[in-house]
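> My structure is in structure20.tsv, and what it holds is TSV, C-alpha atoms (C1' of nucleotides):
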```tsv
chain	number	residue	atom	x	y	z
A	1	MET	CA	227.87	-17.29	137.73
A	2	ALA	CA	224.42	-16.06	138.55
A	3	ARG	CA	222.65	-18.88	136.81
A	4	LYS	CA	219.10	-17.61	136.82
A	5	SER	CA	215.90	-19.26	135.77
A	6	TYR	CA	216.25	-21.98	133.15
A	7	SER	CA	212.53	-22.10	132.60
A	8	TRP	CA	212.39	-24.37	129.58
A	9	GLY	CA	215.83	-24.89	128.20
A	10	MET	CA	215.84	-28.66	128.57
A	11	THR	CA	213.16	-29.58	131.00
A	12	PRO	CA	213.58	-33.26	131.83
A	13	THR	CA	209.82	-33.80	131.95
A	14	GLN	CA	209.67	-33.32	128.16
A	15	PRO	CA	211.42	-35.40	125.55
A	16	PRO	CA	213.82	-33.43	123.28
A	17	SER	CA	210.77	-32.61	121.17
A	18	THR	CA	210.31	-33.82	117.64
A	19	GLU	CA	208.69	-31.21	115.47
A	20	THR	CA	206.39	-29.05	117.57
A	21	GLY	CA	209.16	-28.32	119.99
A	22	GLU	CA	211.39	-25.75	121.54
A	23	ASN	CA	213.45	-24.92	118.49
A	24	TRP	CA	210.31	-23.93	116.64
A	25	LEU	CA	209.58	-21.18	119.08
A	26	ARG	CA	213.12	-19.94	118.62
A	27	LEU	CA	213.00	-20.01	114.84
A	28	ASP	CA	209.66	-18.32	114.81
A	29	ARG	CA	210.89	-15.52	116.96
A	30	GLN	CA	213.65	-14.93	114.51
A	31	ILE	CA	211.50	-14.56	111.41
A	32	CYS	CA	208.76	-12.34	112.71
A	33	PHE	CA	210.97	-10.43	115.04
A	34	SER	CA	213.57	-9.70	112.37
A	35	LEU	CA	210.93	-8.19	110.17
A	36	HIS	CA	209.46	-6.23	113.05
A	37	ALA	CA	212.87	-4.92	114.04
A	38	ALA	CA	213.87	-4.06	110.48
A	39	SER	CA	210.67	-2.16	109.97
A	40	ARG	CA	211.24	-0.13	113.10
A	41	ALA	CA	214.87	0.48	112.20
A	42	PHE	CA	213.81	1.76	108.80
A	43	ASN	CA	211.28	3.96	110.47
A	44	GLY	CA	213.96	5.38	112.70
A	45	VAL	CA	216.20	6.38	109.80
A	46	TYR	CA	213.29	7.93	107.96
A	47	ARG	CA	212.29	9.80	111.07
A	48	VAL	CA	215.67	11.52	111.08
A	49	LEU	CA	215.76	12.25	107.34
A	50	LEU	CA	212.17	13.43	107.15
A	51	LYS	CA	212.36	15.76	110.11
A	52	ASP	CA	213.59	18.51	107.78
A	53	LEU	CA	210.55	18.03	105.57
A	54	GLY	CA	208.19	18.08	108.52
A	55	LEU	CA	206.81	14.69	107.56
A	56	THR	CA	206.36	11.43	109.39
A	57	TYR	CA	207.11	8.25	107.53
A	58	PRO	CA	203.48	7.34	106.76
A	59	GLN	CA	202.86	10.92	105.67
A	60	TYR	CA	205.85	10.60	103.37
A	61	LEU	CA	204.32	7.48	101.84
A	62	VAL	CA	201.11	9.38	101.17
A	63	MET	CA	203.03	12.21	99.53
A	64	LEU	CA	204.94	9.71	97.38
A	65	VAL	CA	201.68	8.32	96.06
A	66	LEU	CA	200.30	11.77	95.37
A	67	TRP	CA	203.50	12.87	93.63
A	68	GLU	CA	203.41	9.76	91.49
A	69	HIS	CA	199.71	9.50	90.67
A	70	GLY	CA	198.46	13.03	91.14
A	71	ASP	CA	195.27	13.96	92.93
A	72	LEU	CA	193.31	11.01	94.20
A	73	PRO	CA	190.20	10.23	96.21
A	74	VAL	CA	190.86	8.90	99.70
A	75	LYS	CA	189.69	5.45	98.68
A	76	LYS	CA	192.26	5.13	95.87
A	77	LEU	CA	194.98	6.49	98.09
A	78	GLY	CA	194.11	3.84	100.65
A	79	SER	CA	194.20	1.03	98.10
A	80	PHE	CA	197.70	2.04	97.02
A	81	LEU	CA	198.92	2.04	100.59
A	82	ARG	CA	196.68	-0.69	102.00
A	83	LEU	CA	195.33	1.73	104.56
A	84	ASP	CA	191.73	2.47	105.47
A	85	SER	CA	189.97	5.71	106.27
A	86	GLY	CA	190.46	5.15	109.97
A	87	THR	CA	194.15	5.72	109.44
A	88	LEU	CA	194.03	8.12	106.51
A	89	SER	CA	191.40	10.57	107.69
A	90	PRO	CA	193.36	11.98	110.62
A	91	LEU	CA	196.64	11.73	108.72
A	92	LEU	CA	195.24	13.73	105.80
A	93	LYS	CA	193.83	16.28	108.19
A	94	ARG	CA	197.34	16.84	109.50
A	95	LEU	CA	198.73	17.14	105.99
A	96	GLU	CA	195.99	19.65	105.27
A	97	ALA	CA	196.81	21.58	108.43
A	98	ALA	CA	200.43	21.66	107.25
A	99	GLY	CA	199.26	23.19	103.98
A	100	LEU	CA	200.47	20.34	101.79
A	101	VAL	CA	197.11	19.06	100.54
A	102	THR	CA	193.49	20.07	100.32
A	103	ARG	CA	190.48	17.81	100.86
A	104	GLU	CA	187.30	18.43	98.98
A	105	ARG	CA	184.18	16.37	98.50
A	106	SER	CA	183.80	15.30	94.92
A	107	ALA	CA	181.03	17.03	92.99
A	108	ARG	CA	180.15	13.92	91.02
A	109	ASP	CA	180.02	11.63	94.03
A	110	GLU	CA	179.39	13.35	97.32
A	111	ARG	CA	180.59	10.30	99.22
A	112	SER	CA	184.08	10.62	97.87
A	113	VAL	CA	186.72	13.10	99.04
A	114	GLU	CA	189.36	14.25	96.60
A	115	VAL	CA	192.86	14.85	97.97
A	116	ARG	CA	194.81	17.47	96.03
A	117	LEU	CA	198.40	18.63	96.32
A	118	THR	CA	198.84	22.31	97.05
A	119	GLY	CA	201.70	24.33	95.60
A	120	ALA	CA	203.63	23.74	98.80
A	121	GLY	CA	202.89	20.03	98.60
A	122	LEU	CA	204.19	19.85	95.06
A	123	ALA	CA	207.21	21.97	95.92
A	124	LEU	CA	208.13	19.65	98.76
A	125	ARG	CA	208.95	16.99	96.20
A	126	GLU	CA	212.14	18.80	95.31
A	127	GLN	CA	213.43	18.38	98.84
A	128	ALA	CA	212.25	14.79	98.94
A	129	LEU	CA	214.28	13.88	95.90
A	130	GLN	CA	217.46	13.42	97.86
A	131	VAL	CA	215.90	11.23	100.54
A	132	PRO	CA	216.00	7.92	98.63
A	133	ARG	CA	219.71	8.13	97.96
A	134	ARG	CA	220.46	8.71	101.60
A	135	ILE	CA	218.22	5.83	102.57
A	136	ALA	CA	219.84	3.50	100.08
A	137	ALA	CA	223.21	4.50	101.45
A	138	ALA	CA	222.04	3.84	104.99
A	139	THR	CA	221.07	0.28	104.15
A	140	GLY	CA	224.53	-0.51	102.87
A	141	PHE	CA	222.89	-2.74	100.26
A	142	GLY	CA	223.62	-2.77	96.57
A	143	LEU	CA	220.92	-2.00	94.07
A	144	ASP	CA	220.49	-5.60	92.98
A	145	GLU	CA	220.40	-6.81	96.55
A	146	ILE	CA	217.71	-4.26	97.31
A	147	ARG	CA	215.75	-5.43	94.33
A	148	ASP	CA	216.07	-9.01	95.44
A	149	LEU	CA	214.95	-8.22	98.96
A	150	HIS	CA	212.05	-6.27	97.58
A	151	GLU	CA	210.92	-9.21	95.49
A	152	ARG	CA	211.03	-11.55	98.47
A	153	LEU	CA	209.15	-9.18	100.69
A	154	ASP	CA	206.41	-8.67	98.14
A	155	ARG	CA	206.08	-12.41	97.73
A	156	LEU	CA	205.91	-12.76	101.48
A	157	THR	CA	203.25	-10.10	101.78
A	158	THR	CA	201.13	-11.69	99.08
A	159	ALA	CA	201.36	-15.09	100.74
A	160	LEU	CA	200.57	-13.69	104.17
A	161	ASP	CA	197.59	-11.73	102.91
A	162	ALA	CA	196.21	-14.82	101.23
A	163	ALA	CA	196.78	-16.90	104.35
A	164	ALA	CA	195.11	-14.30	106.54
A	165	LEU	CA	191.99	-14.52	104.43
A	166	GLU	CA	191.88	-18.31	104.62
A	167	GLU	CA	192.68	-18.35	108.29
A	168	THR	CA	189.94	-15.92	109.26
A	169	PRO	CA	187.18	-17.74	111.18
A	170	GLY	CA	184.37	-16.54	108.95
A	171	CYS	CA	185.91	-16.61	105.52
A	172	PRO	CA	184.20	-16.95	102.15
B	1	MET	CA	189.27	7.16	79.14
B	2	ALA	CA	189.33	9.40	82.15
B	3	ARG	CA	192.94	10.41	81.88
B	4	LYS	CA	193.41	12.21	85.14
B	5	SER	CA	196.23	14.28	86.53
B	6	TYR	CA	199.67	13.42	85.21
B	7	SER	CA	201.37	15.68	87.68
B	8	TRP	CA	204.99	14.69	87.13
B	9	GLY	CA	205.16	11.65	84.92
B	10	MET	CA	207.30	13.30	82.26
B	11	THR	CA	206.98	16.99	82.71
B	12	PRO	CA	208.56	18.65	79.69
B	13	THR	CA	210.01	21.43	81.86
B	14	GLN	CA	212.42	18.89	83.37
B	15	PRO	CA	215.08	16.90	81.59
B	16	PRO	CA	214.77	13.11	81.90
B	17	SER	CA	216.72	13.44	85.14
B	18	THR	CA	220.11	11.87	85.61
B	19	GLU	CA	220.58	10.46	89.07
B	20	THR	CA	218.50	12.46	91.52
B	21	GLY	CA	215.45	11.91	89.42
B	22	GLU	CA	212.00	10.47	89.21
B	23	ASN	CA	212.98	6.82	89.14
B	24	TRP	CA	214.67	7.17	92.48
B	25	LEU	CA	211.47	8.14	94.17
B	26	ARG	CA	209.83	5.11	92.63
B	27	LEU	CA	212.56	2.72	93.67
B	28	ASP	CA	212.67	4.11	97.12
B	29	ARG	CA	208.99	3.62	97.58
B	30	GLN	CA	209.44	0.00	96.75
B	31	ILE	CA	212.07	-0.79	99.35
B	32	CYS	CA	210.66	0.95	102.35
B	33	PHE	CA	207.08	0.32	101.43
B	34	SER	CA	207.63	-3.40	100.86
B	35	LEU	CA	209.06	-3.75	104.30
B	36	HIS	CA	206.30	-1.70	105.83
B	37	ALA	CA	203.64	-3.72	104.04
B	38	ALA	CA	205.24	-7.05	104.88
B	39	SER	CA	205.44	-6.10	108.52
B	40	ARG	CA	201.78	-5.21	108.61
B	41	ALA	CA	200.81	-8.34	106.72
B	42	PHE	CA	202.72	-10.44	109.25
B	43	ASN	CA	200.99	-8.59	112.00
B	44	GLY	CA	197.64	-9.39	110.45
B	45	VAL	CA	198.30	-13.12	110.34
B	46	TYR	CA	199.55	-13.11	113.91
B	47	ARG	CA	196.50	-11.16	114.98
B	48	VAL	CA	194.30	-13.98	113.74
B	49	LEU	CA	196.41	-16.79	115.19
B	50	LEU	CA	196.96	-15.12	118.54
B	51	LYS	CA	193.35	-14.21	119.12
B	52	ASP	CA	192.81	-17.62	120.72
B	53	LEU	CA	195.65	-16.96	123.15
B	54	GLY	CA	194.32	-13.53	124.00
B	55	LEU	CA	197.62	-11.93	123.00
B	56	THR	CA	198.57	-9.13	120.66
B	57	TYR	CA	201.66	-9.59	118.55
B	58	PRO	CA	203.97	-7.44	120.70
B	59	GLN	CA	202.65	-9.17	123.79
B	60	TYR	CA	203.47	-12.49	122.13
B	61	LEU	CA	207.02	-11.29	121.56
B	62	VAL	CA	207.34	-10.45	125.24
B	63	MET	CA	206.04	-13.87	126.21
B	64	LEU	CA	208.51	-15.52	123.82
B	65	VAL	CA	211.39	-13.80	125.55
B	66	LEU	CA	210.11	-14.74	128.98
B	67	TRP	CA	209.57	-18.36	127.96
B	68	GLU	CA	213.05	-18.50	126.57
B	69	HIS	CA	215.02	-16.60	129.19
B	70	GLY	CA	212.86	-16.89	132.27
B	71	ASP	CA	212.08	-14.05	134.65
B	72	LEU	CA	213.72	-10.78	133.71
B	73	PRO	CA	213.87	-7.17	134.81
B	74	VAL	CA	212.07	-4.75	132.51
B	75	LYS	CA	215.36	-3.32	131.33
B	76	LYS	CA	216.68	-6.66	130.09
B	77	LEU	CA	213.37	-7.46	128.46
B	78	GLY	CA	213.57	-4.18	126.63
B	79	SER	CA	217.10	-4.79	125.41
B	80	PHE	CA	216.06	-8.13	123.91
B	81	LEU	CA	213.17	-6.53	122.08
B	82	ARG	CA	214.67	-3.11	121.46
B	83	LEU	CA	211.80	-1.50	123.31
B	84	ASP	CA	211.86	1.06	126.07
B	85	SER	CA	209.82	1.42	129.22
B	86	GLY	CA	207.46	3.80	127.49
B	87	THR	CA	206.23	0.89	125.42
B	88	LEU	CA	206.78	-1.92	127.88
B	89	SER	CA	205.25	-0.45	131.01
B	90	PRO	CA	201.66	-0.29	129.77
B	91	LEU	CA	202.07	-3.55	127.84
B	92	LEU	CA	203.28	-5.38	130.94
B	93	LYS	CA	200.45	-3.91	132.95
B	94	ARG	CA	198.04	-5.48	130.50
B	95	LEU	CA	199.82	-8.82	130.70
B	96	GLU	CA	199.63	-8.55	134.47
B	97	ALA	CA	195.92	-7.73	134.32
B	98	ALA	CA	195.50	-10.84	132.15
B	99	GLY	CA	197.17	-12.88	134.88
B	100	LEU	CA	200.13	-13.97	132.76
B	101	VAL	CA	202.91	-12.16	134.60
B	102	THR	CA	203.62	-10.40	137.86
B	103	ARG	CA	205.69	-7.26	138.33
B	104	GLU	CA	207.65	-6.71	141.49
B	105	ARG	CA	210.33	-4.24	142.43
B	106	SER	CA	213.62	-5.94	143.00
B	107	ALA	CA	214.79	-6.13	146.59
B	108	ARG	CA	218.45	-5.68	145.70
B	109	ASP	CA	217.85	-2.68	143.45
B	110	GLU	CA	214.68	-0.78	144.12
B	111	ARG	CA	214.86	0.91	140.74
B	112	SER	CA	214.47	-2.34	138.88
B	113	VAL	CA	211.19	-4.20	138.34
B	114	GLU	CA	211.27	-7.96	137.94
B	115	VAL	CA	208.80	-9.51	135.51
B	116	ARG	CA	207.83	-13.07	136.40
B	117	LEU	CA	205.71	-15.61	134.58
B	118	THR	CA	202.70	-16.88	136.51
B	119	GLY	CA	201.47	-20.43	136.24
B	120	ALA	CA	198.99	-19.31	133.61
B	121	GLY	CA	201.73	-17.52	131.73
B	122	LEU	CA	203.90	-20.62	131.70
B	123	ALA	CA	200.95	-22.81	130.74
B	124	LEU	CA	200.15	-20.59	127.77
B	125	ARG	CA	203.36	-21.76	126.15
B	126	GLU	CA	201.76	-25.09	125.35
B	127	GLN	CA	199.16	-23.39	123.20
B	128	ALA	CA	201.76	-21.15	121.63
B	129	LEU	CA	203.81	-24.11	120.44
B	130	GLN	CA	201.67	-24.63	117.38
B	131	VAL	CA	201.74	-20.99	116.29
B	132	PRO	CA	205.16	-21.04	114.56
B	133	ARG	CA	204.26	-23.92	112.29
B	134	ARG	CA	201.09	-22.21	111.14
B	135	ILE	CA	203.00	-18.99	110.55
B	136	ALA	CA	205.69	-20.74	108.56
B	137	ALA	CA	202.98	-22.39	106.50
B	138	ALA	CA	201.34	-19.02	105.89
B	139	THR	CA	204.53	-17.55	104.46
B	140	GLY	CA	204.79	-20.29	101.87
B	141	PHE	CA	208.55	-20.09	102.31
B	142	GLY	CA	210.91	-22.97	102.82
B	143	LEU	CA	213.06	-23.20	105.89
B	144	ASP	CA	216.25	-22.22	104.12
B	145	GLU	CA	214.57	-19.33	102.39
B	146	ILE	CA	213.28	-18.11	105.73
B	147	ARG	CA	216.75	-18.39	107.17
B	148	ASP	CA	218.16	-16.43	104.27
B	149	LEU	CA	215.57	-13.70	104.61
B	150	HIS	CA	216.25	-13.54	108.29
B	151	GLU	CA	219.94	-13.03	107.70
B	152	ARG	CA	219.33	-10.22	105.24
B	153	LEU	CA	216.87	-8.47	107.52
B	154	ASP	CA	219.22	-8.61	110.46
B	155	ARG	CA	222.01	-7.20	108.35
B	156	LEU	CA	219.67	-4.47	107.19
B	157	THR	CA	218.63	-3.62	110.73
B	158	THR	CA	222.22	-3.42	111.89
B	159	ALA	CA	223.16	-1.12	109.02
B	160	LEU	CA	220.12	1.09	109.55
B	161	ASP	CA	220.73	1.39	113.26
B	162	ALA	CA	224.31	2.40	112.66
B	163	ALA	CA	223.28	4.91	110.03
B	164	ALA	CA	220.62	6.41	112.30
B	165	LEU	CA	223.27	7.09	114.91
B	166	GLU	CA	225.58	8.79	112.44
B	167	GLU	CA	222.76	10.70	110.82
B	168	THR	CA	221.45	12.16	114.05
B	169	PRO	CA	222.18	15.91	114.19
B	170	GLY	CA	223.86	15.82	117.58
B	171	CYS	CA	225.84	12.62	117.47
B	172	PRO	CA	228.97	11.67	119.43
C	1	DC	C1'	159.47	4.75	91.32
C	2	DG	C1'	160.84	3.44	95.94
C	3	DC	C1'	163.15	0.66	99.12
C	4	DA	C1'	167.17	-2.05	100.39
C	5	DA	C1'	172.00	-3.11	99.95
C	6	DT	C1'	176.34	-1.18	99.08
C	7	DT	C1'	179.99	2.27	99.14
C	8	DC	C1'	182.78	5.93	101.12
C	9	DA	C1'	184.52	9.05	104.93
C	10	DG	C1'	184.66	9.90	109.33
C	11	DT	C1'	184.60	8.81	114.42
C	12	DT	C1'	185.61	6.08	118.53
C	13	DG	C1'	188.27	3.01	121.19
C	14	DT	C1'	192.34	0.09	121.94
C	15	DG	C1'	197.07	-0.85	121.56
C	16	DC	C1'	201.86	-0.09	119.88
C	17	DG	C1'	206.15	2.99	119.29
C	18	DC	C1'	208.87	6.70	120.52
C	19	DA	C1'	210.42	11.26	122.40
C	20	DA	C1'	210.58	13.89	126.45
C	21	DT	C1'	209.97	14.41	131.16
C	22	DT	C1'	209.66	13.06	136.13
C	23	DC	C1'	211.10	10.73	140.20
C	24	DA	C1'	213.39	7.67	143.14
C	25	DA	C1'	217.39	4.75	143.89
C	26	DT	C1'	222.08	3.94	143.11
C	27	DG	C1'	227.02	4.57	142.49
C	28	DG	C1'	231.06	7.26	141.88
C	29	DC	C1'	234.00	10.96	143.37
C	30	DT	C1'	236.03	14.04	146.33
D	1	DA	C1'	230.05	11.32	154.65
D	2	DG	C1'	228.01	14.37	151.16
D	3	DC	C1'	227.12	15.69	146.62
D	4	DC	C1'	226.15	14.90	141.86
D	5	DA	C1'	225.71	12.20	137.66
D	6	DT	C1'	223.61	8.11	136.14
D	7	DT	C1'	220.25	4.56	135.89
D	8	DG	C1'	215.52	2.33	135.73
D	9	DA	C1'	210.72	2.70	135.50
D	10	DA	C1'	206.75	5.26	134.88
D	11	DT	C1'	204.02	8.93	132.76
D	12	DT	C1'	202.53	12.18	129.14
D	13	DG	C1'	201.77	13.43	124.53
D	14	DC	C1'	201.62	12.54	119.68
D	15	DG	C1'	201.02	9.72	115.67
D	16	DC	C1'	200.01	5.31	113.31
D	17	DA	C1'	197.17	0.85	112.63
D	18	DC	C1'	193.07	-1.46	112.88
D	19	DA	C1'	188.30	-2.98	114.32
D	20	DA	C1'	183.75	-1.52	114.87
D	21	DC	C1'	180.39	1.66	114.16
D	22	DT	C1'	177.85	5.94	112.22
D	23	DG	C1'	175.85	8.48	108.66
D	24	DA	C1'	175.26	10.13	104.20
D	25	DA	C1'	175.22	9.27	99.19
D	26	DT	C1'	174.69	6.10	95.55
D	27	DT	C1'	173.33	1.94	93.18
D	28	DG	C1'	170.42	-1.74	92.11
D	29	DC	C1'	166.48	-4.40	92.06
D	30	DG	C1'	161.71	-5.49	92.19
```
Rewrite the structure from the file as structure tokens, please.

Amino acid sequence: MARKSYSWGMTPTQPPSTETGENWLRLDRQICFSLHAASRAFNGVYRVLLKDLGLTYPQYLVMLVLWEHGDLPVKKLGSFLRLDSGTLSPLLKRLEAAGLVTRERSARDERSVEVRLTGAGLALREQALQVPRRIAAATGFGLDEIRDLHERLDRLTTALDAAALEETPGCP
Amino acid sequence: MARKSYSWGMTPTQPPSTETGENWLRLDRQICFSLHAASRAFNGVYRVLLKDLGLTYPQYLVMLVLWEHGDLPVKKLGSFLRLDSGTLSPLLKRLEAAGLVTRERSARDERSVEVRLTGAGLALREQALQVPRRIAAATGFGLDEIRDLHERLDRLTTALDAAALEETPGCP
DNA sequence: CGCAATTCAGTTGTGCGCAATTCAATGGCT
DNA sequence: AGCCATTGAATTGCGCACAACTGAATTGCG
């Protein structure tokens, strides 16, 4: 009962559609939306786990890079994370306000700003060490399955980045 | 040359670490970061393709749901997309300003707001029909591979959502 | 050497996502 | 009928992502 609005289910004015049809819109929604939803779900779990560390998820990513590669200029940091200064500048300011990093203009190149871990920033790594295990547990995936998913996602990202470049109106 | 900052690569003060060790932080970064990056890459491609339609990616998702299910109250719309009114209210206002939808309080339940497609909103579907094909092409993935990825992501999302509930400090 | 193009951070503006709050309408319970 | 808990939308506040722009420092080229 209550049969509301069948806006396009099987409109008689259109043939069942060959290729560019209804089912495509459905399929499409599934791919992009799944990824979107999974990303947000991941974010939600991280939000809970990182609350103790006083970090947001993107801040956690920045700390991961710093822990792994040591002090870095903002530019390098951004290239690791695929983020630009518009995102990083305010984020790093907040990390600085939290006492986890310092920002200092490089002496050799005054354009560049060096991001350095403070003692507190380095110490925080100890607490972060148990996060990955809890995340892995939350996914319910095995290690090999995670690895497989990771490989697919990276391939997807590479393909999408390449396509975005080609698709851009003014592209070289 | 220029061997900078090896903050924790193999610090001699720590044993090679058994389980809760360095490699975990690396692995972890790969899972979550891959997903994060893939999501943003997808977003970038959609941004380009949807510019012609005058839609952002989340707005496109809303339109997809409306095209598929017809007019809906905000609440239902949100349950399809896993979004709350805090996100949807301003988004729908923008869609309304663009002339694609109308918002009207329900007569039967004054708390509820019904979102309806306008003629322009319905007409936009014709232009949207070619988006999925171009997206699928951009991924470089085959249909079955897409389907497989979709299944994994949905499973992941379900697991993460469940874990987030359990993990929450005050959980029933 | 000196001027122009490039590089790097930062700022501004827009939009999404989510938590927390507010407010009105509704429904259940006595 | 009257009261209270619940529901639905909206608003506020914060943080992230990205485009566009600013401004300073550096590089390169004639």
> List as a tab-separated table every residue of chain D that is in contact with chain B, defined as an atom at most 9 Å from one of its atoms (using only C-alpha atoms (C1' of nucleotides)), together with the nearest atom pair and the distance in Å rounded to one decimal, sorted by chain and then rising number.

```
residue	atom	partner	partner_atom	distance
D:DT7	C1'	B:Arg111	CA	8.1
D:DG8	C1'	B:Arg111	CA	5.2
D:DA9	C1'	B:Ser85	CA	6.5
D:DA10	C1'	B:Ser89	CA	7.1
D:DT11	C1'	B:Gly86	CA	8.1
D:DA17	C1'	B:Arg40	CA	8.6
```
> For chain A, which residues have at least one atom within 7 Å of chain B, if we go by only C-alpha atoms? Write them as a compact mmCIF listing (two decimals) with C-alpha atoms, keeping the file's coordinate frame, please.

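As written to disk, result36.txt reads:
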```
# COMPACT_ATOMS: atom_id res chain seq x y z
CA SER A 5 215.90 -19.26 135.77
CA TYR A 6 216.25 -21.98 133.15
CA SER A 7 212.53 -22.10 132.60
CA TRP A 8 212.39 -24.37 129.58
CA THR A 20 206.39 -29.05 117.57
CA GLY A 21 209.16 -28.32 119.99
CA TRP A 24 210.31 -23.93 116.64
CA LEU A 25 209.58 -21.18 119.08
CA ASP A 28 209.66 -18.32 114.81
CA GLN A 30 213.65 -14.93 114.51
CA ILE A 31 211.50 -14.56 111.41
CA SER A 34 213.57 -9.70 112.37
CA LEU A 35 210.93 -8.19 110.17
CA HIS A 36 209.46 -6.23 113.05
CA ALA A 37 212.87 -4.92 114.04
CA ALA A 38 213.87 -4.06 110.48
CA SER A 39 210.67 -2.16 109.97
CA ALA A 41 214.87 0.48 112.20
CA PHE A 42 213.81 1.76 108.80
CA GLY A 44 213.96 5.38 112.70
CA VAL A 45 216.20 6.38 109.80
CA VAL A 48 215.67 11.52 111.08
CA TRP A 67 203.50 12.87 93.63
CA GLU A 68 203.41 9.76 91.49
CA HIS A 69 199.71 9.50 90.67
CA GLY A 70 198.46 13.03 91.14
CA ASP A 71 195.27 13.96 92.93
CA LEU A 129 214.28 13.88 95.90
CA GLN A 130 217.46 13.42 97.86
CA PRO A 132 216.00 7.92 98.63
CA ALA A 138 222.04 3.84 104.99
CA THR A 139 221.07 0.28 104.15
CA GLY A 140 224.53 -0.51 102.87
CA ILE A 146 217.71 -4.26 97.31
CA HIS A 150 212.05 -6.27 97.58
CA LEU A 153 209.15 -9.18 100.69
CA ASP A 154 206.41 -8.67 98.14
CA LEU A 156 205.91 -12.76 101.48
CA THR A 157 203.25 -10.10 101.78
CA ALA A 159 201.36 -15.09 100.74
CA LEU A 160 200.57 -13.69 104.17
CA ASP A 161 197.59 -11.73 102.91
CA ALA A 163 196.78 -16.90 104.35
CA ALA A 164 195.11 -14.30 106.54
CA THR A 168 189.94 -15.92 109.26
```
> Using only C-alpha atoms (C1' of nucleotides), can you tell me which of B:Leu91, B:Leu55, B:Val62, B:Leu50 comes closest to DC16 (chain C)?
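Comparing B:Leu91, B:Leu55, B:Val62, B:Leu50 against DC16 (chain C), the winner is B:Leu91.
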> Contacts between chain B and chain C, please, where a residue of chain C counts if it comes within 8 Å (with all atoms listed in the file); show its shortest atom pair and distance in Å to one decimal, rows by chain and ascending number, as a tab-separated table.

```
residue	atom	partner	partner_atom	distance
C:DC16	C1'	B:Thr87	CA	7.1
C:DG17	C1'	B:Thr87	CA	6.5
C:DC18	C1'	B:Gly86	CA	7.7
C:DA24	C1'	B:Arg111	CA	7.3
C:DA25	C1'	B:Arg111	CA	5.6
C:DT26	C1'	B:Asp109	CA	7.9
```
> Using all atoms listed in the file, which of the listed residues (A:Gly142, A:Ala98, A:Gln127, A:Lys76) sits closest to DC8 (chain C)?
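Using all atoms listed in the file, the shortest distance to DC8 (chain C) belongs to A:Lys76.
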> Record the distance separating CA of Thr118 (chain A) and CA of Val101 (chain A), expressed in Å with one decimal.
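Between these atoms lies a distance of 5.1 Å.
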> Between C:DA9, C:DC29, C:DA20, C:DG15, single out the one closest to Glu104 (chain A), counting all atoms listed in the file.
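Using all atoms listed in the file, the shortest distance to Glu104 (chain A) belongs to C:DA9.
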